[in-house]
Structure formats: C-alpha cells, structure tokens
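Inspection log for the structure reproduced underneath, given as structure tokens.
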Amino acid sequence: MDTNDKQSAVSPPGAGIEWRREGDVAYVTIANPGHHNAITIEMWRLLKTCFQEIAGSPGLRVVVISGAQGAFAAGADISEFKTARATRDQVRHFHQEIIAPALLSIAHCPIPVIAAIDGACVGGGLEIASVCDLRVASDRSRFGIPIQRLGFPMAPAEAAGLLSLARKAVALELLLEGRIFDAQEAYEKGLLTRVVPLALWEEEVRATAQRVAQGAPHAARRNKWLIQILSGGPSPDLLSPLQQEACWDFVETQDYQRGVDAFLKKSPPRFEDN
Amino acid sequence: MDTNDKQSAVSPPGAGIEWRREGDVAYVTIANPGHHNAITIEMWRLLKTCFQEIAGSPGLRVVVISGAQGAFAAGADISEFKTARATRDQVRHFHQEIIAPALLSIAHCPIPVIAAIDGACVGGGLEIASVCDLRVASDRSRFGIPIQRLGFPMAPAEAAGLLSLARKAVALELLLEGRIFDAQEAYEKGLLTRVVPLALWEEEVRATAQRVAQGAPHAARRNKWLIQILSGGPSPDLLSPLQQEACWDFVETQDYQRGVDAFLKKSPPRFEDN
Amino acid sequence: MDTNDKQSAVSPPGAGIEWRREGDVAYVTIANPGHHNAITIEMWRLLKTCFQEIAGSPGLRVVVISGAQGAFAAGADISEFKTARATRDQVRHFHQEIIAPALLSIAHCPIPVIAAIDGACVGGGLEIASVCDLRVASDRSRFGIPIQRLGFPMAPAEAAGLLSLARKAVALELLLEGRIFDAQEAYEKGLLTRVVPLALWEEEVRATAQRVAQGAPHAARRNKWLIQILSGGPSPDLLSPLQQEACWDFVETQDYQRGVDAFLKKSPPRFEDN
C-alpha cells in the first residue's frame, strides 16, 4: 500500500501511513520526514483506514506499529493549528471525528497490536501507543504530552485512551507538569511493557511479535476482547453533553492563541488566564 | 485435615490440598508431587472446602497459602484435558462451577490471606495468588499464564480475578505473549507485595503473617471488605449471557486440540486458526 | 492568614494550618510542633477553610502543601481519641463531617495541588497526600497507615481517597500489615510522583510548582477535572447505608479501647477479637 499519492496534496512530502505484510505480521509505519513523524489530519485518517484494512485481512496474527527514522511520533503537525484547529467547530471535529475514530480503530483491532517505540513518543504518538496492547521501547525513547504549553487541555476520547494504560496519578503528572519522561521512568510508571538498549530493540520487537504470533489466534482475539470488557476502561460517555462541549472552550481563550503562537515561534509562552 | 484419602481416587498419589493450624495462623498447602503442584479438578474442589472450613474456624487471624516442595502451583493437570475439558459442557462446568467458586472462596475469606510463593506460580497458580491479599515471593519464583500455547483463552471469572491484581496492560502482556516473568519483573509490574532471597523467604513469610495477626481482627476484616467493595474489581457480569457463552467457543476449534496435543507431547504447537 | 489565634483554644500551641501566597503559588503548611504535625480536629477544619479560600482566590496557578519542620503529617492527635472519638456518633461525625469534607476540598480544588513531602507521611498525612495531584518526596520520607494497631479500620471516604491513588493490592498491604514504607518503596508502589535526595528536595518542589504554573491555567483546570471524571475513582456511595453504618462498629469493640490505650502508653497492643 502506497498512501503517499493519496495524501500528498494536504501533507508534507513523504508524510503518510503505510502498512505492509510479512507472513502473518502486519507492519504499520508512521512517517513525516523531518518532523519527527508529527501526525497530520490526513495521517490520522489514513491510520484509521489502515487498521480497517488490517482488521479485514485474513491470516494476520499480530500488528507492529512504529515510526520512520528514529522517532515513533511527535504530536500534531504545527502548520495545521491555524487552519484546521482554530474554531470550536474545527477542534470538536478534529478531536471527535478524526482522532477518536483513529484511536478506536487500533483499540478495537481484533488482532494484538505492538507499539515499537524508538525516539519521540509524544502527544498524539503517546496517544497511539496507549491504545496498543504491548509497548516495546528503545532506551533512547522519550514520552510526554506537553500540551499545557500550547494552551489546550486533552480531549475526552484521547484522555480515555491514555487512562486505559496510565494510572490517574501518571496521567495527571503528564498533563499538569508537561514534563518529558525517559524510557526508564516511563517503564517505572507503567507506560511500557519493556525497555531494551537500542542495539537490541529491533530484535526484541521481532521476538515479541513472534511470541504473540505463535499463540492460538482464537485465544489472542478472545483474550484482547475479554480483558478490554472486564477492565472497563474509562469512556468519554462519563461526561454529559454539556461537559463534553465544555472540553472545546479552550479554543475561545486568548491563551490558546498565545500558546500556539509561542510554539510556532519556538519561544516560551506567557499565559494570562484569559 | 488429611485430604489425601478423599481425593486419591481421582488425583495422582499424594496430590491434594491440606490445611493445618498453628495458633492463630492457618497454613494451606497445595501439593501434587512430581508435577510442580499442578492443580487437579479434585484439588480445586478441596481448595474451596478448605477455605470454607477456615472461614468457619474461630480464632484465626491470617491464612498462609503455599505449595509443597519448591513450587507454588503450576497450571492444570495435563491428564484432565482429554477427559474433563473436552466438550463445551465440560469446559463451562470446569471454569464456572469448579475454578470460579474456589477463587471466590479465597477472595471472600473474611481473614487476610497471604500467598507465600516459591518456584512456579503459573496458570491456576497465578490465578490463586491474584485473589490473595498479600504475595510474598522468593527470588527464584516465576510467573505466567502461557495458555495461548494450549489454544484456549482465559475464562471470565479467572480474568476478573487476575484484573483485581494486575493492570490491564500487564494482563494483556501475560496472555498475548505467554512469556514467563521472573520475580523481579513480577514485582515491578505490580504482581507482588515483595520479593526476598530464598534463604530469607520462610522467615519473611512468618514475619508478614505475624504483622497481620498482631492487628485488630475486626479492623482486618473490615479493611479487606471495604477495600474490595470500593476498588470494585471487574466482574464476569460485565459480559452478557451470549458473550459469556462465547468464552467456551475455543473448545470447538481444532487449534485447541492441537495446543493440548502439543502440550502432552512437549512439542511446539502449530496453530492454523481453525 | 494567621490561623493560630483561631484554633489555639482546642489545639496544642502553635498547631494549625496556614497558607500564604508567593506570586501565583499558594503555600499551605501543616503544623503541630513536637507532634510530627499530627492533625487535630481543628486542623482538619482549617484545612477545609484554607482550600476554600484558595479556590476563591484569583490568579493562583498551583498549590504546594507541606508540613512544618521535618515532617509532612503524622496521623491523628493522640489526645483526641478519648474525648472526640469515643462513641459511635463521635466517630461517624469525625470521619464523615470533619475529615471527608477536608479531603474533598483538596481533591476538588480547581487548581493543581502538589504535596511536598519530607519525613513522616502517615495516617491522615498519607490521606492528604493521596488526594493531591502530584507528590514530590524527599528520600527520608516514610509512609504508612498503621491503624490496625489502634484497633480501627479505615473510614469509607478516606479509603476512597487512598484508592484514587493506590492500587487495591497496595491499599491492602498498607492496611493489613501496618508496615511503614520508605520513599523508594512508596515510589515503586505508585504512591509518589518522584523521590529526590533531601538536599535537592526544596529545589525540586519549586521547579515542579514552576512547571505547573507555566502551563495555561485553563488547560490545567480542565485536565484535572477531566481526568478525575474519567478515572472515576471509588466513591463511598458504593456502600449501602447499612454498610456505611457498619464502618463505625469498631467503636463498640473492646479491641478499639485496647488499641488506643496501648498507643497512649506506647506499648504493643494485645487484641482479643471482642
């Protein structure tokens, strides 16, 4: 599958989501060259399409998702804040109709999904990793959701995905401090299945995929389904419609504009709580 | 209590569950000599009887459950797969009427229960440890639920018991990879109260039992009861009747037969997803 | 705010809760000199008042709560057991009308709250730390809830606060064993955001407060609110009215009198389960 043509009109050259099959393993690659694989709107759409295709492909036993060239995925693409995330309708659409369905397509993929993480796993990257089933990281990986500097809070479906992995205290730490964890701290705080030295990382990813693929496929599908139902992860439905709508109030604050402007100028933001 | 006579007709010689009392401590022993204390159907039944007797015995303040001779408990007894776990009715009965009540008898024991773990704590062994209140392990212990190689998924009540201890991500790792954790990894992933060198293990188990027994018995009972209600662990009731029935579909797959056959022959299974 | 006058009639000299403001940071201090900052009834009341004032003060971005002089807060004030915690009505009132509202005033504080912990963080001290958003501890801090030696179980709202931070297994360990954790063990068991050497602790607390304060205030408020709703912590409402009332039965046991007497005499308690 070459998705580059499809999305080249709206994304940077070379940006996209590709997947290929090797035997019973599907390999998904997140790519946005020169941007630490920041995820554009078109890439979120392709991610969903990609996992729908995988879910419909017979004979697959495990999915491995990774980033191209030394990063898993940094957050969002900077250039889209001013064009596609500037109004209440836009941010509601972006979070509810673009990102949420993409994350659900991974969480609900009937086949086990391994996040193979090297380098930056930040913002949307950590959101993707959180809804995978296993997370194998290289020791130079780093993790965070520093969106408080951009002036906006986490959206409900994305927070629910994070909380299906992270304890409440760890989610609060990530969001309130905006600090970046190294791989060891992320492991200690329950965000990772395991951390291995970079030199052994590809081998460990392969070995993990093989262990999963060697189990009975019926058992794998049922175990993923059962554990998800019983662990009863948090749902955005815990919010009333009014509460859900309040999640987009940020777009009307000046601090959101200040945060995004500072990010674009690579200068520290100064918020005024208005 | 000598249970050997009672179950010698259906279990290997010497296999059984015994308990004895030393002062205000009840010691329960899981034994299946030569089989790493693999748990037979009769042993699951005896486990329930045993905890019912303990719950009804006045003056006890703490229960310690351990395995005989260098193992806590490995999974199920191999010989019973072909006779007592071969049809839908049999597996439904085995998991819902035999194992689930045994695990509940431990979880609902009004007195605190300590799992004293040395050696293999695998499959049913880890299920038992998960529903105890504290877990003190020697450093040579090892943990896992490698049933994906046997071709069947975890049953709902057993998964609920596991999830009352393990985070969702750890439960998925145990089930999807089928890998064995050493004691240190099990501790890091929240499965253990503490790990001590083997030479100090018996002493630490005794000291732990003593600390529990020295507290006010009324406070201990109320604390166990309160924490269980408030932590609101996962329940198989989250599954609809149809979903519960779907948990036994595996018995009609050829992969289940392949997995059990390979296990009996000690050869690697080759699953075909049918 | 100088609260010493207000509460000097009922508390030891110098005991109280004070808060002051430095720029956009509110600093709250728990003080009970010579008693490791044990918390009197009046101090629980002042804690609530204090957080209500903070919630109503414009321009604040983060709250730091700490203890005076080498301790965070030890449990309750010994002297009040015989006077204000001796009857069913008294203990019900104490736990439901005094402590529960104080803890809720912290949990519901719209601004992020950091517990800066040095020394004893025990009983009520750990209850306070559990409902804060971040916990930065010095390496000489220690943690526990050894109330089983006093003969009473944890009250429902306090247990719910603990379980909003601690895993079920860790809560059971704290309550059933009554053991004290050092800072490293508390971190490993998920009770702490981070542990730093004492010499660096004040600096790390300041740096943490600064990181929180530098984020957009709107985002911080929404993130705290959202994560609390979605993580859906345990609520005392999971108990029926009859079950709630059963939580105060301890006050009519002789073991409660034995536990408190032993505590006052600093001798080991001998419980008889009556």
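Every chain in the structure tokens takes a letter, A first, then B, and so on in the order presented; its residues are numbered from 1, and the ligands are numbered from 1 following the presented order.
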Return as number ranges by chain the full set of residues in range 23-200 of chain C whose backbone-based DSSP assignment is alpha helix (DSSP H). C: 41-55, 81-84, 88-93, 100-107, 124-131, 156-163, 168-177, 183-188, 198-200
Residues of range 10-257 of chain A classed as strand (DSSP E or B) by DSSP on the backbone are to be reported as a VMD selection string. chain A and resid 16 to 22 25 to 31 39 62 to 67 73 76 113 to 117 120 to 122 134 to 138 142 to 144 181 to 182 194 to 196
Using only C-alpha atoms and a distance of at most 6 Å, pull out the residues of chain A that contact chain C, as a ChimeraX atom specification. /A:148-149,151-153,176-177,234,271,273
Extract, using only C-alpha atoms, all DNA, RNA and protein residues at most 12 Å from Val91 in chain A, discarding same-chain residues fewer than 5 positions from it, and format them as a PyMOL selection string. chain A and resi 41+80-86+96-99+152-155+245-252+256
Restricting it to N, CA and C atoms, dump the selection as a tab-separated table (two decimals), in the first residue's frame.
chain	number	residue	atom	x	y	z
A	41	ILE	N	-3.62	15.72	9.93
A	41	ILE	CA	-5.00	15.27	9.88
A	41	ILE	C	-5.15	14.13	8.88
A	80	GLU	N	-1.03	22.99	11.06
A	80	GLU	CA	-2.48	22.87	10.98
A	80	GLU	C	-3.24	23.60	12.09
A	81	PHE	N	-2.50	24.08	13.10
A	81	PHE	CA	-3.20	24.75	14.21
A	81	PHE	C	-4.00	25.96	13.73
A	82	LYS	N	-3.38	26.74	12.86
A	82	LYS	CA	-4.01	28.00	12.45
A	82	LYS	C	-5.11	27.79	11.40
A	83	THR	N	-5.04	26.65	10.71
A	83	THR	CA	-6.01	26.46	9.62
A	83	THR	C	-7.15	25.51	9.99
A	84	ALA	N	-6.80	24.43	10.72
A	84	ALA	CA	-7.81	23.39	10.93
A	84	ALA	C	-8.16	23.19	12.40
A	85	ARG	N	-7.56	23.98	13.27
A	85	ARG	CA	-7.85	23.83	14.70
A	85	ARG	C	-8.03	25.22	15.33
A	86	ALA	N	-8.75	26.08	14.63
A	86	ALA	CA	-8.85	27.47	15.05
A	86	ALA	C	-10.22	27.85	15.57
A	96	GLN	N	-13.08	14.72	17.76
A	96	GLN	CA	-14.12	13.69	17.83
A	96	GLN	C	-14.25	12.88	16.54
A	97	GLU	N	-14.05	13.53	15.40
A	97	GLU	CA	-14.30	12.82	14.13
A	97	GLU	C	-13.02	12.34	13.46
A	98	ILE	N	-11.88	12.89	13.87
A	98	ILE	CA	-10.63	12.49	13.23
A	98	ILE	C	-9.78	11.62	14.16
A	99	ILE	N	-9.42	12.16	15.33
A	99	ILE	CA	-8.50	11.41	16.20
A	99	ILE	C	-9.21	10.26	16.90
A	152	PHE	N	-3.96	24.18	25.51
A	152	PHE	CA	-5.23	23.46	25.44
A	152	PHE	C	-5.17	22.17	26.26
A	153	PRO	N	-6.32	21.73	26.79
A	153	PRO	CA	-6.37	20.51	27.59
A	153	PRO	C	-6.58	19.29	26.69
A	154	MET	N	-6.44	18.11	27.27
A	154	MET	CA	-6.63	16.88	26.50
A	154	MET	C	-8.11	16.70	26.17
A	155	ALA	N	-8.37	16.16	25.00
A	155	ALA	CA	-9.76	15.88	24.60
A	155	ALA	C	-10.23	14.58	25.26
A	245	GLU	N	-19.10	19.43	25.65
A	245	GLU	CA	-18.96	20.68	24.91
A	245	GLU	C	-17.96	21.61	25.61
A	246	ALA	N	-17.93	21.55	26.95
A	246	ALA	CA	-17.00	22.40	27.70
A	246	ALA	C	-15.54	22.07	27.39
A	247	CYS	N	-15.31	20.89	26.86
A	247	CYS	CA	-13.94	20.48	26.53
A	247	CYS	C	-13.36	21.31	25.38
A	248	TRP	N	-14.23	22.01	24.64
A	248	TRP	CA	-13.74	22.81	23.50
A	248	TRP	C	-13.68	24.30	23.82
A	249	ASP	N	-13.98	24.67	25.06
A	249	ASP	CA	-13.96	26.08	25.45
A	249	ASP	C	-12.59	26.73	25.21
A	250	PHE	N	-11.54	25.93	25.32
A	250	PHE	CA	-10.18	26.47	25.22
A	250	PHE	C	-9.98	27.27	23.94
A	251	VAL	N	-10.68	26.85	22.88
A	251	VAL	CA	-10.40	27.46	21.58
A	251	VAL	C	-10.75	28.94	21.58
A	252	GLU	N	-11.61	29.34	22.53
A	252	GLU	CA	-12.01	30.75	22.60
A	252	GLU	C	-11.18	31.55	23.60
A	256	TYR	N	-4.90	30.12	24.31
A	256	TYR	CA	-4.69	29.12	23.25
A	256	TYR	C	-3.93	29.76	22.08
Could you list, as a PDB file with N, CA and C atoms, in the first residue's frame, every residue within 7 Å of Pro33 in chain C, counting only C-alpha atoms and ignoring same-chain residues fewer than 3 positions away?
ATOM      1  N   GLY C  14       0.698  26.545  68.783  1.00  0.00           N
ATOM      2  CA  GLY C  14       1.433  26.542  67.522  1.00  0.00           C
ATOM      3  C   GLY C  14       0.853  25.628  66.473  1.00  0.00           C
ATOM      4  N   ALA C  15      -0.133  24.800  66.859  1.00  0.00           N
ATOM      5  CA  ALA C  15      -0.721  23.891  65.890  1.00  0.00           C
ATOM      6  C   ALA C  15      -1.695  24.649  65.011  1.00  0.00           C
ATOM      7  N   HIS C  36       5.116  15.816  65.195  1.00  0.00           N
ATOM      8  CA  HIS C  36       5.224  15.413  63.785  1.00  0.00           C
ATOM      9  C   HIS C  36       4.034  15.908  62.970  1.00  0.00           C
ATOM     10  N   ASN C  37       3.503  17.065  63.354  1.00  0.00           N
ATOM     11  CA  ASN C  37       2.342  17.637  62.654  1.00  0.00           C
ATOM     12  C   ASN C  37       1.128  16.711  62.663  1.00  0.00           C
TER      13      ASN C  37
END
